[in-house]
file run.cif (mmCIF, C-alpha atoms)
data_input
#
loop_
_atom_site.label_atom_id
_atom_site.label_comp_id
_atom_site.auth_asym_id
_atom_site.auth_seq_id
_atom_site.Cartn_x
_atom_site.Cartn_y
_atom_site.Cartn_z
CA MET A 1 99.72 139.17 101.38
CA THR A 2 103.25 137.75 101.41
CA LYS A 3 104.37 135.50 98.69
CA SER A 4 106.54 132.69 99.92
CA VAL A 5 109.31 131.64 97.58
CA PHE A 6 110.78 128.18 97.71
CA ASN A 7 114.56 128.33 97.76
CA LEU A 8 115.78 125.17 96.05
CA GLN A 9 119.45 125.84 96.77
CA ALA A 10 118.76 126.30 100.49
CA ALA A 11 116.79 123.05 100.59
CA LEU A 12 119.58 121.16 98.83
CA ASP A 13 122.15 122.68 101.18
CA LYS A 14 120.07 121.58 104.18
CA LEU A 15 119.80 118.03 102.83
CA HIS A 16 123.54 117.94 102.24
CA GLU A 17 124.18 119.26 105.76
CA GLU A 18 121.90 116.64 107.33
CA ASP A 19 123.54 113.85 105.32
CA TRP A 20 126.97 115.13 106.34
CA LEU A 21 126.15 115.49 110.03
CA HIS A 22 124.01 112.36 110.39
CA PRO A 23 124.91 109.88 107.63
CA GLU A 24 123.17 106.99 109.39
CA GLU A 25 119.81 108.78 109.31
CA LYS A 26 117.83 109.68 106.25
CA THR A 27 116.42 113.20 106.08
CA PHE A 28 113.22 112.11 104.39
CA ARG A 29 111.67 108.81 105.36
CA ASN A 30 108.63 107.13 104.03
CA THR A 31 107.48 105.03 106.96
CA GLY A 32 104.64 103.53 104.95
CA GLN A 33 106.99 102.21 102.31
CA VAL A 34 106.97 98.44 102.03
CA GLU A 35 109.75 96.28 100.72
CA GLU A 36 109.85 96.40 96.96
CA SER A 37 108.85 93.12 95.37
CA GLU A 38 110.84 91.26 92.74
CA LYS A 39 108.02 91.89 90.28
CA ASP A 40 108.23 95.66 90.86
CA ARG A 41 111.99 95.65 90.36
CA LYS A 42 111.59 93.84 87.03
CA TYR A 43 108.66 95.93 85.84
CA ARG A 44 110.58 99.16 86.39
CA GLN A 45 113.22 98.16 83.83
CA LYS A 46 112.75 98.94 80.16
CA SER A 47 114.86 95.93 79.18
CA TYR A 48 112.37 93.62 80.93
CA TRP A 49 109.56 94.75 78.65
CA ILE A 50 111.78 94.60 75.57
CA ALA A 51 112.76 91.05 76.51
CA GLN A 52 109.15 89.95 77.05
CA PHE A 53 107.97 91.31 73.70
CA SER A 54 111.06 89.88 71.98
CA HIS A 55 110.61 86.38 73.43
CA LEU A 56 107.08 86.26 72.08
CA LEU A 57 107.98 87.75 68.70
CA ILE A 58 110.82 85.29 68.22
CA ASN A 59 109.11 82.17 69.60
CA GLN A 60 105.56 82.63 68.37
CA PHE A 61 106.00 84.74 65.25
CA HIS A 62 109.45 83.47 64.18
CA GLN A 63 110.97 86.95 63.91
CA SER A 64 114.71 87.60 63.94
CA HIS A 65 116.49 89.80 66.47
CA ARG A 66 116.83 92.48 63.78
CA ALA A 67 113.11 92.31 63.00
CA CYS A 68 112.32 92.60 66.73
CA ALA A 69 114.52 95.68 66.92
CA ARG A 70 112.62 97.25 64.02
CA ILE A 71 109.21 96.31 65.45
CA LEU A 72 110.08 97.59 68.93
CA LYS A 73 111.84 100.66 67.51
CA GLN A 74 115.17 99.84 69.12
CA PRO A 75 118.40 101.26 67.69
CA SER A 76 120.07 97.88 67.24
CA HIS A 77 119.45 94.15 67.41
CA LYS A 78 122.10 94.09 70.15
CA SER A 79 119.67 95.75 72.56
CA ILE A 80 117.27 92.85 71.93
CA THR A 81 120.03 90.31 72.55
CA ARG A 82 121.12 92.01 75.79
CA ALA A 83 117.56 92.32 77.10
CA MET A 84 116.84 88.66 76.38
CA ALA A 85 120.10 87.60 78.03
CA ARG A 86 119.23 89.62 81.10
CA PHE A 87 115.69 88.20 81.28
CA PRO A 88 115.92 84.74 79.69
CA GLU A 89 112.42 83.59 80.63
CA CYS A 90 109.14 84.70 79.15
CA ASP A 91 106.56 85.52 81.82
CA PHE A 92 103.60 85.91 79.45
CA SER A 93 101.89 83.59 76.98
CA ASN A 94 100.89 86.14 74.32
CA LEU A 95 101.41 89.73 73.24
CA SER A 96 98.08 90.96 74.58
CA GLU A 97 99.03 89.78 78.10
CA VAL A 98 102.28 91.76 77.93
CA LYS A 99 100.44 94.83 76.64
CA SER A 100 97.82 94.52 79.37
CA ALA A 101 100.43 94.12 82.14
CA LEU A 102 102.44 97.07 80.82
CA THR A 103 99.30 99.22 80.60
CA ILE A 104 98.25 98.37 84.17
CA TYR A 105 101.75 98.98 85.51
CA SER A 106 101.97 102.31 83.67
CA GLN A 107 98.66 103.44 85.09
CA GLU A 108 99.75 102.45 88.61
CA GLN A 109 102.87 104.57 88.15
CA GLY A 110 100.87 107.54 86.89
CA VAL A 111 102.06 107.36 83.28
CA ARG A 112 99.47 108.20 80.66
#

call {"tool": "encode", "arguments": {"input": "run.cif", "output": "structure tokens"}}
result
Amino acid sequence: MTKSVFNLQAALDKLHEEDWLHPEEKTFRNTGQVEESEKDRKYRQKSYWIAQFSHLLINQFHQSHRACARILKQPSHKSITRAMARFPECDFSNLSEVKSALTIYSQEQGVR
């Protein structure tokens, strides 16, 4: 019985060669891939979830940016401020909705 060994360096070299010779074509294509939705683009970003939790903590529970940073285990209140500036609107009405949406999205992505 022969044991086949995958040569990572050879595969990377082949990909580089294909990209170099045919830059207009992609070596690997996923023909079943659909256009990514705006929701998916937002959900993929950590700052989106930080912003959503922060909006609710500040508006409903009257917490400060520093308190939100402590609650969400962020290194600084500046990360809360940046996330909220990037995503200024709250898409959820309570914390359990955010938790539920994050749980569902994580399961869809294969995160446990």

call {"tool": "residues_around", "arguments": {"input": "run.cif", "residues": "Tyr48 in chain A", "least_positions_apart": "6", "cutoff": "8 Å", "atoms": "only C-alpha atoms", "output": "MDAnalysis selection string"}}
result
chainID A and resid 42 83 86:87

call {"tool": "closest_residue", "arguments": {"input": "run.cif", "among": "A:Ala51, A:Ile58, A:Cys68, A:Val111", "to": "Asp91 in chain A", "atoms": "all atoms listed in the file"}}
result
A:Ala51

call {"tool": "closest_residue", "arguments": {"input": "run.cif", "among": "A:Gln52, A:Ser37, A:Lys73, A:Tyr43", "to": "Pro88 in chain A", "atoms": "all atoms listed in the file"}}
result
A:Gln52

call {"tool": "closest_residue", "arguments": {"input": "run.cif", "among": "A:Gln45, A:Ser64, A:Ile50, A:Lys39", "to": "Lys99 in chain A", "atoms": "all atoms listed in the file"}}
result
A:Ile50

call {"tool": "atom_distance", "arguments": {"input": "run.cif", "atom1": "CA of Ala67 in chain A", "atom2": "CA of Ser93 in chain A"}}
result
19.9 Å

call {"tool": "closest_residue", "arguments": {"input": "run.cif", "among": "A:Ile80, A:Cys90, A:Ile71, A:Ile104", "to": "Leu56 in chain A", "atoms": "all atoms listed in the file"}}
result
A:Cys90

call {"tool": "residues_around", "arguments": {"input": "run.cif", "residues": "Asp40 in chain A", "least_positions_apart": "6", "cutoff": "12 Å", "atoms": "all atoms listed in the file", "output": "MDAnalysis selection string"}}
result
chainID A and resid 34 48 101:102 105:106 108:109

call {"tool": "closest_residue", "arguments": {"input": "run.cif", "among": "A:Arg44, A:Glu38, A:Trp49, A:His62", "to": "Glu97 in chain A", "atoms": "all atoms listed in the file"}}
result
A:Trp49

call {"tool": "atom_distance", "arguments": {"input": "run.cif", "atom1": "CA of Gln74 in chain A", "atom2": "CA of Arg41 in chain A"}}
result
21.9 Å

call {"tool": "closest_residue", "arguments": {"input": "run.cif", "among": "A:Glu36, A:Gln60, A:Arg70, A:Phe53", "to": "Met84 in chain A", "atoms": "all atoms listed in the file"}}
result
A:Phe53

call {"tool": "atom_distance", "arguments": {"input": "run.cif", "atom1": "CA of Ala85 in chain A", "atom2": "CA of Asn59 in chain A"}}
result
14.9 Å

call {"tool": "axis_aligned_box", "arguments": {"input": "run.cif", "around": "range 88-95 of chain A", "padding_each_side": "4 Å", "output": "AutoDock Vina command-line options"}}
result
--center_x 108.4 --center_y 86.7 --center_z 77.5 --size_x 23.0 --size_y 14.1 --size_z 16.6
